[in-house]
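Below is data03.cif, which holds mmCIF, C-alpha atoms.
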data_run
loop_
_atom_site.label_atom_id
_atom_site.label_comp_id
_atom_site.auth_asym_id
_atom_site.auth_seq_id
_atom_site.Cartn_x
_atom_site.Cartn_y
_atom_site.Cartn_z
CA MET A 207 20.90 214.95 207.60
CA GLY A 208 20.51 218.36 206.01
CA PRO A 209 21.56 219.13 202.43
CA ARG A 210 24.73 220.79 203.74
CA ASN A 211 25.77 217.69 205.72
CA LEU A 212 24.88 215.46 202.76
CA PHE A 213 27.19 217.55 200.54
CA ILE A 214 30.07 217.20 203.03
CA ALA A 215 29.45 213.45 203.24
CA ILE A 216 29.58 213.13 199.44
CA VAL A 217 32.81 215.17 199.24
CA MET A 218 34.40 213.01 201.93
CA ALA A 219 33.30 209.80 200.22
CA VAL A 220 34.73 210.96 196.87
CA ALA A 221 38.00 211.99 198.55
CA LEU A 222 38.23 208.62 200.27
CA ALA A 223 37.57 206.75 197.01
CA ALA A 224 40.18 208.85 195.20
CA GLY A 225 42.67 208.19 198.02
CA ILE A 226 42.11 204.44 197.87
CA PHE A 227 42.37 204.48 194.06
CA LEU A 228 45.70 206.37 194.19
CA ALA A 229 47.09 204.15 196.95
CA VAL A 230 46.28 201.02 194.96
CA ARG A 231 47.83 202.49 191.83
CA MET A 232 51.00 203.48 193.65
CA GLN A 233 51.40 199.96 194.96
CA GLU A 234 51.46 198.50 191.45
CA PRO A 235 55.07 197.62 190.71
CA ALA A 236 56.86 199.66 188.05
CA ALA A 237 57.59 197.60 184.95
CA PRO A 238 61.03 197.20 183.37
CA THR A 239 61.40 199.59 180.45
CA THR A 240 64.37 198.18 178.56
CA ALA A 241 64.57 194.53 179.64
CA PHE A 242 62.32 191.91 178.09
CA VAL A 243 61.08 189.56 180.81
CA LEU A 244 60.21 186.09 179.53
CA PRO A 245 56.57 185.20 180.21
CA ALA A 246 57.82 181.83 181.52
CA PRO A 247 61.51 181.47 182.50
CA THR A 248 63.22 178.55 180.77
CA PRO A 249 65.86 176.30 182.40
CA LEU A 250 69.40 176.77 181.06
CA PRO A 251 70.46 173.90 178.80
CA GLU A 252 72.70 171.20 180.28
CA PHE A 253 76.38 171.80 179.55
CA SER A 254 79.79 170.97 180.96
CA LEU A 255 82.45 173.66 180.63
CA LEU A 256 85.23 175.22 182.71
CA ASP A 257 85.36 178.34 184.84
CA GLN A 258 88.39 180.66 184.89
CA GLN A 259 90.00 178.52 187.63
CA GLY A 260 89.74 175.46 185.41
CA GLN A 261 86.97 173.95 187.59
CA VAL A 262 83.94 172.33 186.00
CA ALA A 263 81.12 174.79 185.33
CA THR A 264 77.62 173.50 184.68
CA ARG A 265 74.05 174.76 184.82
CA ASP A 266 74.30 174.38 188.60
CA SER A 267 77.01 177.06 188.68
CA PHE A 268 74.18 179.55 188.08
CA ARG A 269 72.07 178.48 191.07
CA ASP A 270 71.40 180.58 194.17
CA GLN A 271 72.35 183.94 192.63
CA TRP A 272 71.22 186.30 189.90
CA SER A 273 73.53 186.44 186.88
CA LEU A 274 74.08 188.88 184.04
CA VAL A 275 75.39 186.71 181.21
CA PHE A 276 77.31 188.18 178.28
CA PHE A 277 78.73 186.29 175.31
CA GLY A 278 82.06 187.53 173.98
CA PHE A 279 85.76 186.80 173.71
CA THR A 280 89.02 188.19 175.01
CA HIS A 281 90.55 189.02 171.60
CA CYS A 282 87.91 191.70 171.14
CA PRO A 283 89.33 195.10 172.02
CA ASP A 284 86.22 197.26 171.56
CA ILE A 285 82.70 196.02 172.29
CA CYS A 286 83.53 193.23 174.78
CA PRO A 287 85.50 195.35 177.27
CA ALA A 288 82.95 198.14 176.73
CA THR A 289 80.09 195.82 177.69
CA LEU A 290 81.93 194.37 180.69
CA GLN A 291 82.72 197.90 181.79
CA ILE A 292 79.03 198.86 181.52
CA LEU A 293 77.98 195.80 183.53
CA SER A 294 80.67 196.47 186.19
CA ALA A 295 79.55 200.10 186.44
CA ALA A 296 75.91 199.02 186.78
CA ARG A 297 76.83 196.55 189.52
CA ARG A 298 78.78 199.25 191.36
CA THR A 299 75.84 201.68 191.22
CA LEU A 300 73.42 198.96 192.35
CA ALA A 301 75.71 198.29 195.32
CA GLU A 302 75.77 202.01 196.15
CA ASN A 303 71.95 202.02 195.95
CA GLY A 304 71.85 199.23 198.53
CA GLN A 305 70.62 196.58 196.09
CA ASP A 306 70.80 193.12 197.68
CA PRO A 307 71.48 190.60 196.25
CA LEU A 308 73.83 191.89 193.54
CA PRO A 309 74.05 190.07 190.22
CA LYS A 310 77.14 188.08 189.25
CA ILE A 311 78.68 189.09 185.91
CA VAL A 312 79.29 186.07 183.69
CA LEU A 313 81.28 186.05 180.44
CA VAL A 314 80.74 183.00 178.23
CA SER A 315 83.48 182.74 175.62
CA VAL A 316 82.38 182.33 172.02
CA ASP A 317 86.06 181.80 171.14
CA PRO A 318 87.06 178.83 173.34
CA GLU A 319 89.82 178.00 170.86
CA ARG A 320 91.86 180.96 172.10
CA ASP A 321 90.18 181.62 175.44
CA THR A 322 91.87 179.32 177.94
CA PRO A 323 90.70 179.47 181.57
CA GLU A 324 93.97 181.29 182.41
CA LEU A 325 93.33 183.97 179.80
CA MET A 326 89.71 184.33 180.96
CA ALA A 327 90.97 184.75 184.55
CA GLN A 328 93.42 187.51 183.59
CA TYR A 329 90.79 189.24 181.48
CA LEU A 330 87.99 189.11 184.06
CA ASP A 331 90.22 190.11 186.99
CA TYR A 332 90.73 193.35 185.15
CA PHE A 333 87.02 194.16 185.59
CA GLY A 334 86.87 193.47 189.31
CA THR A 335 86.41 190.50 191.58
CA GLY A 336 83.64 187.94 191.78
CA ASN A 337 83.00 187.62 188.04
CA LEU A 338 82.57 184.23 186.39
CA GLY A 339 84.21 183.24 183.10
CA ILE A 340 83.06 180.17 181.21
CA THR A 341 85.00 178.51 178.40
CA GLY A 342 85.99 175.02 177.28
CA ASN A 343 84.87 172.65 174.59
CA LEU A 344 83.32 174.33 171.54
CA ASP A 345 80.50 171.75 171.26
CA GLU A 346 79.58 172.33 174.90
CA VAL A 347 79.61 176.12 174.39
CA THR A 348 77.31 175.58 171.41
CA LYS A 349 74.91 173.49 173.55
CA LEU A 350 74.57 176.46 175.88
CA THR A 351 74.28 179.16 173.21
CA LYS A 352 71.90 177.22 170.94
CA GLY A 353 69.58 176.51 173.84
CA LEU A 354 69.43 180.24 174.57
CA GLY A 355 69.08 181.48 170.99
CA ILE A 356 72.53 183.06 171.09
CA PHE A 357 74.34 183.29 167.76
CA PHE A 358 78.08 183.27 167.14
CA GLU A 359 80.22 182.74 164.07
CA LYS A 360 83.96 182.89 163.44
CA ARG A 361 84.94 185.43 160.76
CA PRO A 362 88.31 185.55 159.05
CA GLY A 363 90.13 188.82 159.64
CA VAL A 364 93.32 190.27 158.28
CA ASP A 365 96.83 189.75 159.55
CA ASN A 366 96.41 186.16 160.88
CA ASN A 367 93.67 187.35 163.16
CA TYR A 368 90.03 186.40 163.25
CA SER A 369 86.98 187.89 164.83
CA VAL A 370 83.82 186.29 166.17
CA ASP A 371 80.43 187.78 165.39
CA HIS A 372 78.16 187.23 168.37
CA SER A 373 74.80 188.16 169.83
CA ALA A 374 75.13 191.39 171.76
CA ALA A 375 72.37 190.58 174.27
CA VAL A 376 72.92 190.33 178.01
CA LEU A 377 70.80 187.60 179.58
CA VAL A 378 69.42 187.66 183.11
CA VAL A 379 69.54 184.21 184.74
CA ASN A 380 67.55 183.73 187.95
CA PRO A 381 68.67 181.78 191.07
CA ALA A 382 66.87 178.66 189.78
CA ALA A 383 69.34 178.66 186.81
CA GLU A 384 66.59 179.74 184.43
CA PHE A 385 66.85 182.23 181.56
CA HIS A 386 64.60 184.93 183.00
CA ALA A 387 65.01 188.18 181.03
CA LEU A 388 67.03 189.80 178.28
CA PHE A 389 68.66 193.16 177.62
CA SER A 390 69.26 193.81 173.92
CA GLY A 391 72.30 195.80 172.75
CA THR A 392 73.27 198.64 172.58
CA HIS A 393 73.77 198.56 176.35
CA LEU A 394 73.65 201.40 178.84
CA SER A 395 74.56 201.07 182.50
CA GLU A 396 71.44 202.95 183.64
CA ASN A 397 69.15 200.40 181.97
CA PHE A 398 70.51 197.66 184.23
CA VAL A 399 70.41 199.94 187.27
CA ARG A 400 66.75 200.72 186.67
CA ASP A 401 65.33 197.38 185.52
CA LEU A 402 67.30 194.72 187.42
CA PRO A 403 65.91 195.56 190.89
CA LEU A 404 62.37 195.50 189.40
CA ILE A 405 62.99 192.11 187.80
CA MET A 406 64.45 190.70 191.01
CA ALA A 407 61.70 192.15 193.20
CA ALA A 408 58.98 190.63 191.01
CA TYR A 409 60.55 187.13 191.20
CA MET B 101 100.59 254.43 149.06
CA ARG B 102 97.85 252.38 147.44
CA ARG B 103 100.44 249.80 146.39
CA LEU B 104 101.81 249.66 149.92
CA LEU B 105 98.31 249.12 151.33
CA LEU B 106 97.70 246.31 148.84
CA CYS B 107 100.97 244.67 149.86
CA ALA B 108 100.05 244.97 153.53
CA LEU B 109 96.63 243.43 152.82
CA LEU B 110 98.17 240.56 150.92
CA LEU B 111 100.64 239.98 153.71
CA PHE B 112 97.85 240.04 156.26
CA ALA B 113 95.82 237.55 154.19
CA ALA B 114 98.83 235.26 153.91
CA CYS B 115 99.67 235.35 157.59
CA GLY B 116 96.27 236.26 158.97
CA GLY B 117 94.56 234.18 161.64
CA ASP B 118 96.00 230.88 162.85
CA PRO B 119 97.22 228.74 160.02
CA GLN B 120 95.31 225.54 160.74
CA PRO B 121 96.89 222.15 160.17
CA PRO B 122 94.92 220.17 157.59
CA LEU B 123 94.00 217.33 159.97
CA VAL B 124 93.63 217.70 163.73
CA ALA B 125 93.15 214.99 166.36
CA SER B 126 91.30 215.52 169.64
CA ASP B 127 89.96 213.43 172.54
CA VAL B 128 92.56 210.74 171.96
CA VAL B 129 92.15 207.62 174.11
CA ILE B 130 94.39 204.62 173.56
CA THR B 131 93.53 201.77 175.90
CA ARG B 132 96.32 199.87 177.61
CA PRO B 133 96.46 196.24 176.46
CA MET B 134 94.85 194.11 179.15
CA PRO B 135 96.96 191.60 181.07
CA GLY B 136 97.78 188.66 178.84
CA MET B 137 96.38 190.39 175.76
CA THR B 138 98.29 191.64 172.76
CA MET B 139 95.70 194.06 171.49
CA SER B 140 94.10 197.29 172.48
CA ALA B 141 91.80 199.91 170.99
CA GLY B 142 92.16 203.56 170.03
CA TYR B 143 89.51 206.26 169.98
CA LEU B 144 89.79 209.87 168.79
CA SER B 145 88.13 212.63 166.81
CA LEU B 146 89.66 213.72 163.49
CA THR B 147 88.83 217.13 162.08
CA ASN B 148 89.50 217.96 158.44
CA ASN B 149 90.32 221.67 158.08
CA THR B 150 90.82 221.52 154.32
CA ASP B 151 88.24 221.93 151.57
CA THR B 152 88.76 218.44 150.17
CA THR B 153 88.00 214.99 151.54
CA LEU B 154 90.95 213.40 153.36
CA ARG B 155 91.44 209.65 153.29
CA ILE B 156 93.34 207.64 155.87
CA THR B 157 94.37 204.32 154.42
CA ARG B 158 97.10 203.35 156.88
CA VAL B 159 97.95 203.88 160.51
CA VAL B 160 101.37 202.93 161.82
CA SER B 161 102.86 202.95 165.29
CA THR B 162 106.38 202.57 166.56
CA GLN B 163 105.08 200.59 169.55
CA PHE B 164 102.78 198.13 167.74
CA GLU B 165 103.40 195.67 164.94
CA SER B 166 100.06 196.46 163.36
CA VAL B 167 97.34 199.10 163.61
CA GLN B 168 94.06 198.53 161.82
CA LEU B 169 90.99 200.61 161.14
CA HIS B 170 87.96 198.71 162.43
CA GLU B 171 84.26 199.19 162.84
CA THR B 172 81.94 197.50 165.31
CA THR B 173 78.30 197.34 164.32
CA ILE B 174 75.28 195.88 166.06
CA GLU B 175 72.66 194.75 163.57
CA ASP B 176 69.73 192.49 164.35
CA GLY B 177 71.18 191.98 167.83
CA VAL B 178 74.53 190.71 166.52
CA ALA B 179 77.82 192.51 167.22
CA ARG B 180 80.27 192.37 164.34
CA MET B 181 83.76 193.74 163.86
CA ARG B 182 85.04 194.48 160.37
CA SER B 183 88.25 196.04 159.11
CA LEU B 184 87.91 199.22 157.06
CA SER B 185 90.08 199.75 153.99
CA ALA B 186 90.02 203.52 154.50
CA LEU B 187 88.57 206.21 156.70
CA GLU B 188 87.23 209.26 154.85
CA ILE B 189 86.93 212.61 156.56
CA PRO B 190 84.85 215.01 154.42
CA ALA B 191 86.00 218.61 153.97
CA GLY B 192 85.43 220.70 157.08
CA GLU B 193 83.97 217.80 159.04
CA THR B 194 84.90 215.77 162.12
CA VAL B 195 84.81 211.99 162.23
CA THR B 196 84.77 210.43 165.69
CA LEU B 197 86.16 207.00 166.43
CA ARG B 198 84.33 205.73 169.50
CA ARG B 199 83.53 202.64 171.55
CA GLY B 200 81.11 200.38 169.75
CA GLY B 201 81.74 202.17 166.44
CA LYS B 202 84.71 202.94 164.25
CA HIS B 203 87.96 202.48 166.15
CA LEU B 204 91.63 201.62 165.86
CA MET B 205 92.78 198.14 166.76
CA LEU B 206 96.40 198.09 167.89
CA MET B 207 97.99 194.65 167.75
CA ARG B 208 101.12 193.05 169.18
CA PRO B 209 103.08 195.65 171.17
CA THR B 210 106.75 195.65 170.23
CA VAL B 211 108.04 197.54 173.28
CA ALA B 212 106.88 198.03 176.86
CA SER B 213 105.87 201.68 176.92
CA ASP B 214 103.52 204.09 178.67
CA THR B 215 103.08 206.10 175.52
CA VAL B 216 102.09 205.37 171.97
CA SER B 217 102.90 207.27 168.78
CA LEU B 218 100.58 206.95 165.81
CA SER B 219 101.00 208.18 162.24
CA PHE B 220 98.00 208.48 159.98
CA LEU B 221 98.75 208.19 156.27
CA ASP B 222 97.06 208.27 152.90
CA GLY B 223 99.12 205.65 151.12
CA ASP B 224 102.66 206.87 151.78
CA SER B 225 101.71 210.52 152.44
CA PRO B 226 101.71 211.35 156.13
CA LEU B 227 98.65 213.32 157.24
CA LEU B 228 99.00 213.48 161.00
CA SER B 229 101.10 212.28 163.93
CA VAL B 230 99.64 211.75 167.38
CA ASP B 231 101.34 210.96 170.68
CA ALA B 232 99.23 209.64 173.54
CA THR B 233 99.52 208.00 176.93
CA PHE B 234 97.81 204.67 177.49
CA GLU B 235 94.62 204.77 179.50
CA SER B 236 93.14 202.04 181.63
CA GLN B 237 90.08 200.26 180.20
CA VAL B 238 88.11 200.33 183.41
CA ASP B 239 87.35 202.18 186.56
CA ARG B 240 88.13 199.39 188.95
CA GLU B 241 85.66 198.32 191.60
#

What would you get if you wrote out this structure as C-alpha cells?
Amino acid sequence: MGPRNLFIAIVMAVALAAGIFLAVRMQEPAAPTTAFVLPAPTPLPEFSLLDQQGQVATRDSFRDQWSLVFFGFTHCPDICPATLQILSAARRTLAENGQDPLPKIVLVSVDPERDTPELMAQYLDYFGTGNLGITGNLDEVTKLTKGLGIFFEKRPGVDNNYSVDHSAAVLVVNPAAEFHALFSGTHLSENFVRDLPLIMAAY
Amino acid sequence: MRRLLLCALLLFAACGGDPQPPLVASDVVITRPMPGMTMSAGYLSLTNNTDTTLRITRVVSTQFESVQLHETTIEDGVARMRSLSALEIPAGETVTLRRGGKHLMLMRPTVASDTVSLSFLDGDSPLLSVDATFESQVDRE
C-alpha cells in the first residue's frame, strides 16, 4: 500500500468512525425537558372513591392506560378550567400527531363536599369525552393526595363562598397504576405534547 | 387678528385630537358559566388614560348577584385564589386581567342571558361600563 492509498484508507476509517458515532448518538432517546420523571415509579396509594357515574373508583381504575391527573374543584372558575383546557388541547394535538395510546385526563376533586359525582360529570363533559372524575369521601381523597405529596386546604372566602388552595402539579400515572412523572405548574399544552410521548416510549 | 388666532388655538386645544375616556376596556372575555355551575370568570385589559392612578373597588352586573376581583397565584407549586379589595391602574398604564392571574369572578346569575353588562366603580363613582357576550370556556374535542 502506497502512501496515497494509506491516506485514503485513514480518511475512510475516520469517516466510518464518525458515521457510527453520529448514528449511535442519534439513537439516544431525547429526554423530557419539562416533566420530572421519578427515578423509580411508586404505586398509587389504596383508596376507595367514586367516579362521575357514581361507580367505585380505586387504584385499579388507573390500570391499563396512561393518565394525566390534576387536582382541583368545580367551584374554581379560573385555574381549574384553564388547566383542563390545556390538558384537553394537548390530548387533541397528540391525537393529531398520531400518538397511541392517548392519556386519559383525570380530575381528582379536592372539594368533595361540594363536588358530587353528578356535578363532576357535568363539569368534565364540558371538556370532552373519556375523562375521569374522582370524588367522594374526604378521608379517602386525603389518602390519595397524601400518598402523592399533593397539598390542599380549604380557605374561607367572601360572600358565603370558599376556595381550596391546591397543588398545581399534573401527575403522570403509568398503566401499572404507578405515579411515574410530574409536570409542575404553570402548565403549557406544548410541554405535554413534547414530553408525554418520550415518557411513554421510554416505559 | 392676534386675539382671533389665540382664540382659535385655544379652541383647537380644547377640541383637538380625540377626547379619550379616562378608563378603556379591551380584549373582554366573559366565560359562560359551565353546566350546573353558578360562577364564571372575566378577563379584560383596562387602560388608564388619565394622569392619576384609578382604583376599582367594586364591580357590579345586572346579570349576576355578585362580581368579585380575584387573583390566582401559583407559589411553591400551590395554586391559590384570593379576593382583592381593589384593583389599581397607574396613570397611563394598562392592567390585564388574565387566566391564572388577576380576574373577575362572577357569581350566581340572576337571569338567563347571552350578554353581560359590567360596571366598574371606585366606591360609588362609576368609572366604566362594559357590555360583552359570553364565550365558551373550551374548544370542544

Taking the file as shown, what set of residues would the PyMOL selection byres ((chain B) within 10 of (chain A)) give back, as number ranges by chain? B: 131, 133-143, 166, 168, 170-183, 198-207, 236-241

Run the PyMOL selection byres ((chain B and resi 160) around 10) mentally over the shown coordinates, then write out the matched residues as a JSON list (two decimals) with C-alpha atoms, in the coordinates of the input, using the chain letters and numbers from the document.
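Just written: expr-v7.json:
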[["chain", "number", "residue", "atom", "x", "y", "z"],
["B", 158, "ARG", "CA", 97.10, 203.35, 156.88],
["B", 159, "VAL", "CA", 97.95, 203.88, 160.51],
["B", 161, "SER", "CA", 102.86, 202.95, 165.29],
["B", 162, "THR", "CA", 106.38, 202.57, 166.56],
["B", 163, "GLN", "CA", 105.08, 200.59, 169.55],
["B", 164, "PHE", "CA", 102.78, 198.13, 167.74],
["B", 165, "GLU", "CA", 103.40, 195.67, 164.94],
["B", 166, "SER", "CA", 100.06, 196.46, 163.36],
["B", 167, "VAL", "CA", 97.34, 199.10, 163.61],
["B", 168, "GLN", "CA", 94.06, 198.53, 161.82],
["B", 206, "LEU", "CA", 96.40, 198.09, 167.89],
["B", 217, "SER", "CA", 102.90, 207.27, 168.78],
["B", 218, "LEU", "CA", 100.58, 206.95, 165.81],
["B", 219, "SER", "CA", 101.00, 208.18, 162.24],
["B", 220, "PHE", "CA", 98.00, 208.48, 159.98],
["B", 221, "LEU", "CA", 98.75, 208.19, 156.27],
["B", 229, "SER", "CA", 101.10, 212.28, 163.93]]

Result set of the PyMOL selection byres ((chain A and resi 308) around 10) on the coordinates above, as a JSON list (two decimals) with C-alpha atoms, in the coordinates of the input:
[["chain", "number", "residue", "atom", "x", "y", "z"],
["A", 271, "GLN", "CA", 72.35, 183.94, 192.63],
["A", 272, "TRP", "CA", 71.22, 186.30, 189.90],
["A", 273, "SER", "CA", 73.53, 186.44, 186.88],
["A", 274, "LEU", "CA", 74.08, 188.88, 184.04],
["A", 297, "ARG", "CA", 76.83, 196.55, 189.52],
["A", 298, "ARG", "CA", 78.78, 199.25, 191.36],
["A", 300, "LEU", "CA", 73.42, 198.96, 192.35],
["A", 301, "ALA", "CA", 75.71, 198.29, 195.32],
["A", 304, "GLY", "CA", 71.85, 199.23, 198.53],
["A", 305, "GLN", "CA", 70.62, 196.58, 196.09],
["A", 306, "ASP", "CA", 70.80, 193.12, 197.68],
["A", 307, "PRO", "CA", 71.48, 190.60, 196.25],
["A", 309, "PRO", "CA", 74.05, 190.07, 190.22],
["A", 310, "LYS", "CA", 77.14, 188.08, 189.25],
["A", 311, "ILE", "CA", 78.68, 189.09, 185.91],
["A", 402, "LEU", "CA", 67.30, 194.72, 187.42],
["A", 403, "PRO", "CA", 65.91, 195.56, 190.89],
["A", 406, "MET", "CA", 64.45, 190.70, 191.01]]

With 4 Å of padding per side, what axis-aligned box (centre and edge lengths, Å, one decimal) covers all the listed atoms of range 274-284 of chain A? Give it as lines of an AutoDock Vina configuration file.
center_x = 82.3
center_y = 191.8
center_z = 177.6
size_x = 24.5
size_y = 19.0
size_z = 20.9

Distance CA of Ala232 in chain B-CA of Phe279 in chain A, one decimal place?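 These atoms are spaced 26.5 Å apart.
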
At most 6 Å is the cut-off: for each residue in range 272-378 of chain A with any atom that close to an atom of range 250-255 of chain A, write down the nearest atom pair and the distance in Å rounded to one decimal, counting all atoms listed in the file, chain first then increasing number, as CSV.
residue,atom,partner,partner_atom,distance
A:Thr341,CA,A:Leu255,CA,5.9
A:Gly342,CA,A:Leu255,CA,5.1
A:Glu346,CA,A:Phe253,CA,5.7
A:Leu350,CA,A:Pro251,CA,5.7
A:Gly353,CA,A:Pro251,CA,5.7

Expected answer as a PyMOL selection string: all residues with atoms within 7 Å of (75.8, 185.3, 176.3), all atoms listed in the file: chain A and resi 275-277+313-314+356+375-377

Shell around Pro122 in chain B at 6 Å using all atoms listed in the file, local window under 5 positions removed, as number ranges by chain: B: 148-150

Hey, could you patch up range 267-290 of chain A with N, CA and C atoms and hand it over as a compact mmCIF listing (two decimals), in the frame of the given file?
# COMPACT_ATOMS: atom_id res chain seq x y z
N SER A 267 76.17 175.93 188.28
CA SER A 267 77.01 177.06 188.68
C SER A 267 76.21 178.36 188.73
N PHE A 268 75.02 178.34 188.12
CA PHE A 268 74.18 179.55 188.08
C PHE A 268 73.18 179.60 189.23
N ARG A 269 73.10 178.53 190.02
CA ARG A 269 72.07 178.48 191.07
C ARG A 269 72.39 179.41 192.23
N ASP A 270 71.32 179.83 192.91
CA ASP A 270 71.40 180.58 194.17
C ASP A 270 71.98 181.99 194.02
N GLN A 271 71.95 182.54 192.83
CA GLN A 271 72.35 183.94 192.63
C GLN A 271 71.75 184.41 191.30
N TRP A 272 71.63 185.71 191.18
CA TRP A 272 71.22 186.30 189.90
C TRP A 272 72.48 186.51 189.06
N SER A 273 72.37 186.27 187.76
CA SER A 273 73.53 186.44 186.88
C SER A 273 73.18 187.31 185.69
N LEU A 274 74.16 188.13 185.30
CA LEU A 274 74.08 188.88 184.04
C LEU A 274 75.07 188.20 183.10
N VAL A 275 74.56 187.56 182.06
CA VAL A 275 75.39 186.71 181.21
C VAL A 275 75.62 187.39 179.86
N PHE A 276 76.91 187.54 179.53
CA PHE A 276 77.31 188.18 178.28
C PHE A 276 78.16 187.20 177.48
N PHE A 277 77.97 187.19 176.18
CA PHE A 277 78.73 186.29 175.31
C PHE A 277 79.76 187.13 174.54
N GLY A 278 81.02 186.74 174.62
CA GLY A 278 82.06 187.53 173.98
C GLY A 278 83.36 186.75 173.94
N PHE A 279 84.46 187.47 173.75
CA PHE A 279 85.76 186.80 173.71
C PHE A 279 86.85 187.81 174.05
N THR A 280 87.99 187.28 174.50
CA THR A 280 89.02 188.19 175.01
C THR A 280 89.75 188.94 173.89
N HIS A 281 89.85 188.34 172.70
CA HIS A 281 90.55 189.02 171.60
C HIS A 281 89.61 189.99 170.89
N CYS A 282 88.95 190.80 171.65
CA CYS A 282 87.91 191.70 171.14
C CYS A 282 88.15 193.00 171.88
N PRO A 283 88.86 193.95 171.26
CA PRO A 283 89.33 195.10 172.02
C PRO A 283 88.28 196.20 172.24
N ASP A 284 87.17 196.13 171.53
CA ASP A 284 86.22 197.26 171.56
C ASP A 284 84.94 196.94 172.34
N ILE A 285 84.04 196.16 171.72
CA ILE A 285 82.70 196.02 172.29
C ILE A 285 82.68 195.15 173.55
N CYS A 286 83.57 194.13 173.62
CA CYS A 286 83.53 193.23 174.78
C CYS A 286 83.99 193.94 176.06
N PRO A 287 85.15 194.60 176.06
CA PRO A 287 85.50 195.35 177.27
C PRO A 287 84.49 196.46 177.57
N ALA A 288 83.94 197.07 176.52
CA ALA A 288 82.95 198.14 176.73
C ALA A 288 81.74 197.58 177.46
N THR A 289 81.26 196.41 177.04
CA THR A 289 80.09 195.82 177.69
C THR A 289 80.40 195.41 179.12
N LEU A 290 81.56 194.78 179.32
CA LEU A 290 81.93 194.37 180.69
C LEU A 290 82.08 195.59 181.60
